[in-house]
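What follows is a single structure, written as structure tokens, with notes after it.
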Amino acid sequence: MISIVIAEDQGMLLGALGSLLSLEDDMEVVGKASNGEEAVALVERLKPDICIMDIEMPKKTGLEAAEEIKGRGCKVIILTTFARSGYFQRALKAGVKGYLLKDSPSDELASSIRLVMDGKRIYAPELMDDVYSESNPLTEREREVLELVADGMNTKEIADELSLKTGTVRNYISTILDKLEVKNRIEAITQSKEKGWFK
């Protein structure tokens with residue numbers, strides 16, 4: 001059974017979403033919050049599998065709540081009316097697994113929850129265009145290095161492949177991490193794949 005917390009400040013919509021998801025055989029709505037602060041408290045207390053979050057809510061926005069929940073084992077799906085690229089970029093940084101628009105068909109929400117539970121990411125197609133049009137900050141050489149990292153090569157192998165010194169490769173990798181604002185190689189690879197920057 002997939003346990004779900006819903007955070008939505010419009011009472012009628014909160015009730016409707018709860019009823020809709022309760023009709024699914026494999027889902028149970030364990031908590032409902034009307035603002036971001038309540039959502040964080042419910043996730044801490046109930047430890048649900050999924051938290052469906054609106055963005056514009058009082059006390060704490062859905063994005064602030066998602067940033068706070070990150071790393072606590074609960075997957076966040078943003079459900080909003082706003083297809084704004086800035087919101088979407090921030091949601092990606094907060095580790096949000098789904099970003100859906102409220103005008104999507106209702107059965108799409110249930111199927112998206114199942115896909116997210118299976119480890120997939122679901123983003124509204126309207127937003128993906130913005131992401132792919134975002135330019136890659138890496139130079140040609142930095143891209144080459146990152147692609148070899150993604151192929152599983154270590155620093156020495158990359159140095160041999162590109163006829164560079166290992167220290168130079170290390171410098172490239174540290175520059176890549178800085179530019180992409182990520183902590184490690186895995187995050188750099190993931191971000192580049194998500195943004196369609198790999199050839």
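Lettering and numbering for the structure tokens are positional, with chains as A, B, ... in the shown order, residues counted from 1 in each chain, and ligands counted from 1 in the shown order.
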
Would you mind listing, for every residue of range 55-95 of chain A within 10 Å of range 33-37 of chain A, the two atoms forming the shortest contact and the distance between them in Å to one decimal, using only C-alpha atoms, sorted by chain and ascending residue number, as CSV?
residue,atom,partner,partner_atom,distance
A:Ile55,CA,A:Gly36,CA,8.5
A:Glu56,CA,A:Asn35,CA,8.8
A:Met57,CA,A:Asn35,CA,5.2
A:Pro58,CA,A:Asn35,CA,5.3
A:Lys59,CA,A:Glu37,CA,6.1
A:Lys60,CA,A:Gly36,CA,4.4
A:Thr61,CA,A:Gly36,CA,5.4
A:Gly62,CA,A:Gly36,CA,5.6
A:Leu63,CA,A:Gly36,CA,8.4
A:Glu64,CA,A:Gly36,CA,7.4
A:Ala65,CA,A:Gly36,CA,5.4
A:Ala66,CA,A:Gly36,CA,8.6
A:Glu68,CA,A:Glu37,CA,9.8

Restricting the output to N, CA, C and O atoms, write the selected residues as a tab-separated table (two decimals), in the first residue's frame.
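Wrote selection-v6.tsv, looks like this:
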chain	number	residue	atom	x	y	z
A	55	ILE	N	2.53	24.37	-4.74
A	55	ILE	CA	3.67	25.28	-4.54
A	55	ILE	C	3.28	26.48	-3.68
A	55	ILE	O	3.85	26.71	-2.63
A	56	GLU	N	2.27	27.24	-4.13
A	56	GLU	CA	1.95	28.47	-3.43
A	56	GLU	C	1.01	28.19	-2.27
A	56	GLU	O	-0.20	28.05	-2.45
A	57	MET	N	1.61	28.07	-1.08
A	57	MET	CA	0.83	27.81	0.14
A	57	MET	C	1.32	28.75	1.24
A	57	MET	O	2.45	29.19	1.22
A	58	PRO	N	0.45	29.02	2.24
A	58	PRO	CA	0.89	29.89	3.34
A	58	PRO	C	1.94	29.23	4.23
A	58	PRO	O	2.15	28.02	4.16
A	59	LYS	N	2.57	30.06	5.09
A	59	LYS	CA	3.58	29.64	6.08
A	59	LYS	C	4.86	29.09	5.47
A	59	LYS	O	5.94	29.44	5.88
A	60	LYS	N	4.74	28.19	4.52
A	60	LYS	CA	5.91	27.67	3.80
A	60	LYS	C	5.42	27.25	2.43
A	60	LYS	O	4.41	26.58	2.33
A	61	THR	N	6.16	27.62	1.39
A	61	THR	CA	5.73	27.18	0.05
A	61	THR	C	6.04	25.69	-0.11
A	61	THR	O	6.82	25.12	0.66
A	62	GLY	N	5.46	25.10	-1.13
A	62	GLY	CA	5.71	23.69	-1.41
A	62	GLY	C	7.18	23.43	-1.70
A	62	GLY	O	7.72	22.38	-1.35
A	63	LEU	N	7.85	24.41	-2.34
A	63	LEU	CA	9.27	24.23	-2.67
A	63	LEU	C	10.12	24.28	-1.41
A	63	LEU	O	11.06	23.50	-1.24
A	64	GLU	N	9.79	25.21	-0.48
A	64	GLU	CA	10.54	25.27	0.79
A	64	GLU	C	10.34	23.97	1.58
A	64	GLU	O	11.28	23.43	2.14
A	65	ALA	N	9.09	23.49	1.57
A	65	ALA	CA	8.79	22.24	2.29
A	65	ALA	C	9.54	21.07	1.64
A	65	ALA	O	10.12	20.23	2.33
A	66	ALA	N	9.57	21.04	0.29
A	66	ALA	CA	10.27	19.95	-0.42
A	66	ALA	C	11.77	19.97	-0.08
A	66	ALA	O	12.38	18.92	0.12
A	68	GLU	N	13.08	21.00	2.65
A	68	GLU	CA	13.23	20.54	4.04
A	68	GLU	C	13.07	19.02	4.15
A	68	GLU	O	13.72	18.37	4.94

Give me the residues within 10 Å of Leu79 in chain A as a CSV table (one decimal) with N, CA and C atoms, in the first residue's frame, counting only C-alpha atoms and dropping any in the same chain fewer than 6 places off.
chain,number,residue,atom,x,y,z
A,6,ILE,N,-1.1,14.7,1.4
A,6,ILE,CA,-1.4,15.7,0.4
A,6,ILE,C,-1.3,17.1,1.1
A,7,ALA,N,-0.6,18.0,0.5
A,7,ALA,CA,-0.5,19.4,1.0
A,7,ALA,C,-1.1,20.4,-0.1
A,8,GLU,N,-2.2,21.0,0.3
A,8,GLU,CA,-2.9,21.9,-0.7
A,8,GLU,C,-3.7,22.9,0.1
A,52,ILE,N,2.3,14.8,-1.9
A,52,ILE,CA,1.9,15.6,-3.1
A,52,ILE,C,1.7,17.0,-2.6
A,53,MET,N,2.4,17.9,-3.2
A,53,MET,CA,2.6,19.2,-2.7
A,53,MET,C,2.2,20.3,-3.7
A,54,ASP,N,1.4,21.3,-3.3
A,54,ASP,CA,1.1,22.5,-4.1
A,54,ASP,C,2.3,23.4,-3.9
A,55,ILE,N,2.5,24.4,-4.7
A,55,ILE,CA,3.7,25.3,-4.5
A,55,ILE,C,3.3,26.5,-3.7
A,62,GLY,N,5.5,25.1,-1.1
A,62,GLY,CA,5.7,23.7,-1.4
A,62,GLY,C,7.2,23.4,-1.7
A,98,GLY,N,8.5,14.3,-9.1
A,98,GLY,CA,7.4,14.6,-10.1
A,98,GLY,C,7.0,16.0,-10.0
A,99,TYR,N,6.6,16.6,-11.2
A,99,TYR,CA,6.1,17.9,-11.3
A,99,TYR,C,5.0,17.9,-12.3
A,100,LEU,N,3.8,17.9,-11.8
A,100,LEU,CA,2.6,17.8,-12.6
A,100,LEU,C,1.8,19.1,-12.5
A,101,LEU,N,1.0,19.3,-13.6
A,101,LEU,CA,0.1,20.5,-13.6
A,101,LEU,C,-1.3,20.1,-13.3
A,102,LYS,N,-2.0,21.0,-12.6
A,102,LYS,CA,-3.3,20.7,-12.1
A,102,LYS,C,-4.3,20.4,-13.2
A,103,ASP,N,-4.0,20.9,-14.4
A,103,ASP,CA,-5.0,20.6,-15.5
A,103,ASP,C,-4.7,19.3,-16.2
A,104,SER,N,-3.8,18.5,-15.7
A,104,SER,CA,-3.6,17.1,-16.2
A,104,SER,C,-4.8,16.3,-15.9
A,109,LEU,N,-2.5,11.3,-12.3
A,109,LEU,CA,-1.9,11.5,-11.0
A,109,LEU,C,-1.6,10.1,-10.4
A,124,ALA,N,6.0,17.3,-16.2
A,124,ALA,CA,5.1,17.8,-17.2
A,124,ALA,C,5.8,18.1,-18.5

Query raised in the report: Residues at most 9 Å from Lys70 in chain A, counting only C-alpha atoms, excluding those fewer than 6 positions away in the same chain, as an MDAnalysis selection string?
Result: chainID A and resid 76 94:96

Could you write out that same residue set with N, CA and C atoms as an mmCIF file, in the first residue's frame?
data_model
loop_
_atom_site.group_PDB
_atom_site.id
_atom_site.type_symbol
_atom_site.label_atom_id
_atom_site.label_comp_id
_atom_site.auth_asym_id
_atom_site.auth_seq_id
_atom_site.Cartn_x
_atom_site.Cartn_y
_atom_site.Cartn_z
ATOM 1 N N VAL A 76 8.669 13.463 -3.179
ATOM 2 C CA VAL A 76 7.759 14.606 -3.344
ATOM 3 C C VAL A 76 7.324 14.738 -4.803
ATOM 4 N N ALA A 94 15.650 20.528 -5.390
ATOM 5 C CA ALA A 94 15.140 20.005 -4.104
ATOM 6 C C ALA A 94 14.899 18.498 -4.177
ATOM 7 N N GLY A 95 15.226 17.902 -5.331
ATOM 8 C CA GLY A 95 15.104 16.451 -5.453
ATOM 9 C C GLY A 95 13.679 15.957 -5.668
ATOM 10 N N VAL A 96 12.807 16.865 -6.159
ATOM 11 C CA VAL A 96 11.407 16.489 -6.411
ATOM 12 C C VAL A 96 11.341 15.442 -7.524
#

Query raised in the report: Near range 28-31 of chain A, within 6 Å and counting only C-alpha atoms, which residues show up once chain neighbours fewer than 4 positions away are dropped, as a PyMOL selection string?
Result: chain A and resi 3-5+22

Taking the backbone alone, and naming residues the way the document does, which bits of chain A are strand (DSSP E) by DSSP, as a CSV table (one decimal) with N, CA and C atoms, in the first residue's frame?
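Here's the written file selection23.csv:
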chain,number,residue,atom,x,y,z
A,2,ILE,N,0.6,2.2,-0.9
A,2,ILE,CA,1.4,3.4,-1.0
A,2,ILE,C,0.8,4.4,-0.1
A,3,SER,N,1.5,4.9,0.9
A,3,SER,CA,1.0,5.9,1.9
A,3,SER,C,1.3,7.3,1.4
A,4,ILE,N,0.3,8.2,1.4
A,4,ILE,CA,0.4,9.5,0.8
A,4,ILE,C,-0.1,10.6,1.7
A,5,VAL,N,0.7,11.7,1.8
A,5,VAL,CA,0.3,12.9,2.4
A,5,VAL,C,0.0,14.0,1.3
A,6,ILE,N,-1.1,14.7,1.4
A,6,ILE,CA,-1.4,15.7,0.4
A,6,ILE,C,-1.3,17.1,1.1
A,7,ALA,N,-0.6,18.0,0.5
A,7,ALA,CA,-0.5,19.4,1.0
A,7,ALA,C,-1.1,20.4,-0.1
A,27,MET,N,-3.5,2.6,-2.8
A,27,MET,CA,-3.1,3.9,-2.2
A,27,MET,C,-3.9,4.2,-1.0
A,28,GLU,N,-3.2,4.9,0.0
A,28,GLU,CA,-4.0,5.3,1.2
A,28,GLU,C,-3.5,6.7,1.5
A,29,VAL,N,-4.5,7.6,1.7
A,29,VAL,CA,-4.1,9.0,2.1
A,29,VAL,C,-4.1,9.0,3.6
A,30,VAL,N,-2.9,9.2,4.1
A,30,VAL,CA,-2.7,9.1,5.6
A,30,VAL,C,-2.7,10.5,6.3
A,31,GLY,N,-2.6,11.5,5.5
A,31,GLY,CA,-2.6,12.9,6.1
A,31,GLY,C,-2.8,13.9,5.1
A,32,LYS,N,-3.5,15.1,5.6
A,32,LYS,CA,-3.7,16.2,4.7
A,32,LYS,C,-3.2,17.5,5.4
A,33,ALA,N,-2.5,18.3,4.6
A,33,ALA,CA,-2.0,19.6,5.2
A,33,ALA,C,-2.5,20.7,4.4
A,50,ILE,N,4.9,9.0,-0.2
A,50,ILE,CA,4.8,10.1,-1.2
A,50,ILE,C,4.2,11.3,-0.5
A,51,CYS,N,4.6,12.5,-0.9
A,51,CYS,CA,3.9,13.7,-0.5
A,51,CYS,C,3.6,14.5,-1.7
A,52,ILE,N,2.3,14.8,-1.9
A,52,ILE,CA,1.9,15.6,-3.1
A,52,ILE,C,1.7,17.0,-2.6
A,53,MET,N,2.4,17.9,-3.2
A,53,MET,CA,2.6,19.2,-2.7
A,53,MET,C,2.2,20.3,-3.7
A,75,LYS,N,9.1,10.6,-1.1
A,75,LYS,CA,9.3,11.2,-2.5
A,75,LYS,C,8.2,12.3,-2.7
A,76,VAL,N,8.7,13.5,-3.2
A,76,VAL,CA,7.8,14.6,-3.3
A,76,VAL,C,7.3,14.7,-4.8
A,77,ILE,N,6.0,14.9,-5.0
A,77,ILE,CA,5.4,15.2,-6.3
A,77,ILE,C,4.8,16.6,-6.2
A,78,ILE,N,5.2,17.5,-7.0
A,78,ILE,CA,4.6,18.9,-7.0
A,78,ILE,C,3.4,18.8,-7.9
A,79,LEU,N,2.3,19.3,-7.4
A,79,LEU,CA,1.1,19.4,-8.3
A,79,LEU,C,0.6,20.9,-8.2
A,80,THR,N,0.8,21.6,-9.3
A,80,THR,CA,0.6,23.0,-9.3
A,80,THR,C,-0.1,23.5,-10.6
A,98,GLY,N,8.5,14.3,-9.1
A,98,GLY,CA,7.4,14.6,-10.1
A,98,GLY,C,7.0,16.0,-10.0
A,99,TYR,N,6.6,16.6,-11.2
A,99,TYR,CA,6.1,17.9,-11.3
A,99,TYR,C,5.0,17.9,-12.3
A,100,LEU,N,3.8,17.9,-11.8
A,100,LEU,CA,2.6,17.8,-12.6
A,100,LEU,C,1.8,19.1,-12.5
A,101,LEU,N,1.0,19.3,-13.6
A,101,LEU,CA,0.1,20.5,-13.6
A,101,LEU,C,-1.3,20.1,-13.3
A,122,ILE,N,8.7,11.9,-13.1
A,122,ILE,CA,7.7,12.3,-14.0
A,122,ILE,C,7.5,13.9,-14.0
A,123,TYR,N,7.8,14.5,-15.1
A,123,TYR,CA,7.7,15.9,-15.2
A,123,TYR,C,6.8,16.3,-16.4

Check range 101-131 of chain A with DSSP on the backbone and list each residue it calls alpha helix (DSSP H), as a short mmCIF file (atom, residue, chain, number, x, y, z; two decimals) with C-alpha atoms, in the first residue's frame.
data_model
loop_
_atom_site.label_atom_id
_atom_site.label_comp_id
_atom_site.auth_asym_id
_atom_site.auth_seq_id
_atom_site.Cartn_x
_atom_site.Cartn_y
_atom_site.Cartn_z
CA SER A 106 -7.02 12.90 -12.96
CA ASP A 107 -5.96 9.33 -13.80
CA GLU A 108 -2.51 10.69 -14.67
CA LEU A 109 -1.89 11.49 -11.01
CA ALA A 110 -2.40 7.91 -9.80
CA SER A 111 -0.24 6.46 -12.59
CA SER A 112 2.46 9.08 -11.91
CA ILE A 113 2.51 8.10 -8.21
CA ARG A 114 3.08 4.45 -9.17
CA LEU A 115 5.87 5.39 -11.60
CA VAL A 116 7.59 7.56 -8.97
CA MET A 117 7.34 4.65 -6.51
CA PRO A 125 6.11 17.88 -20.89
CA GLU A 126 5.60 21.67 -21.03
CA LEU A 127 8.45 22.09 -18.55
CA MET A 128 10.90 19.76 -20.26
CA ASP A 129 11.15 22.14 -23.24
CA ASP A 130 12.49 24.85 -20.91
CA VAL A 131 15.03 22.51 -19.37
#

Query raised in the report: Could you work out how far CA of Arg72 in chain A lies from CA of Ile176 in chain A, giving the answer in Å with one decimal?
Result: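 Between these atoms lies a distance of 27.4 Å.
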
**Report entry** Gap from CA of Ser174 in chain A to CA of Gly152 in chain A - Å, one decimal
**Finding:**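 It comes out at 17.0 Å.
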
Report task. For CA of Asp49 in chain A and CA of Cys74 in chain A, determine how far apart the two atoms are, in Å to one decimal place. Result -> 5.0 Å

Query raised in the report: Using only C-alpha atoms, which residue out of A:Ile186, A:Ala41, A:Leu92, A:Leu13 lies closest to Val149 in chain A?
Result: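 Using only C-alpha atoms, Val149 in chain A sits closest to A:Ile186.
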
Requested in this report: Pick out the residues sitting within 8 Å of range 143-146 of chain A, and hand them over as a ChimeraX atom specification; count only C-alpha atoms, and ignore anything fewer than 5 positions along from it in its own chain.
Outcome: /A:138,158,169,172-173,176,188-189

How would the residues just picked look written out with N, CA and C atoms as a short mmCIF file (atom, residue, chain, number, x, y, z; two decimals), in the first residue's frame?
data_model
loop_
_atom_site.label_atom_id
_atom_site.label_comp_id
_atom_site.auth_asym_id
_atom_site.auth_seq_id
_atom_site.Cartn_x
_atom_site.Cartn_y
_atom_site.Cartn_z
N LEU A 138 29.19 24.05 -19.37
CA LEU A 138 30.51 23.43 -19.47
C LEU A 138 31.17 23.70 -20.83
N ILE A 158 41.03 8.62 -17.69
CA ILE A 158 40.61 9.82 -18.45
C ILE A 158 41.85 10.59 -18.90
N VAL A 169 43.06 16.60 -14.91
CA VAL A 169 41.73 15.98 -14.95
C VAL A 169 41.00 16.27 -13.65
N TYR A 172 39.68 19.71 -13.79
CA TYR A 172 38.49 19.78 -14.65
C TYR A 172 37.26 19.31 -13.88
N ILE A 173 37.42 18.19 -13.16
CA ILE A 173 36.27 17.60 -12.45
C ILE A 173 35.79 18.56 -11.37
N ILE A 176 33.87 21.32 -13.02
CA ILE A 176 32.55 20.82 -13.46
C ILE A 176 31.57 20.83 -12.29
N ALA A 188 26.56 15.23 -10.96
CA ALA A 188 26.90 15.95 -12.21
C ALA A 188 26.39 15.16 -13.41
N ILE A 189 26.59 13.84 -13.38
CA ILE A 189 26.14 12.98 -14.49
C ILE A 189 24.61 13.01 -14.58
#
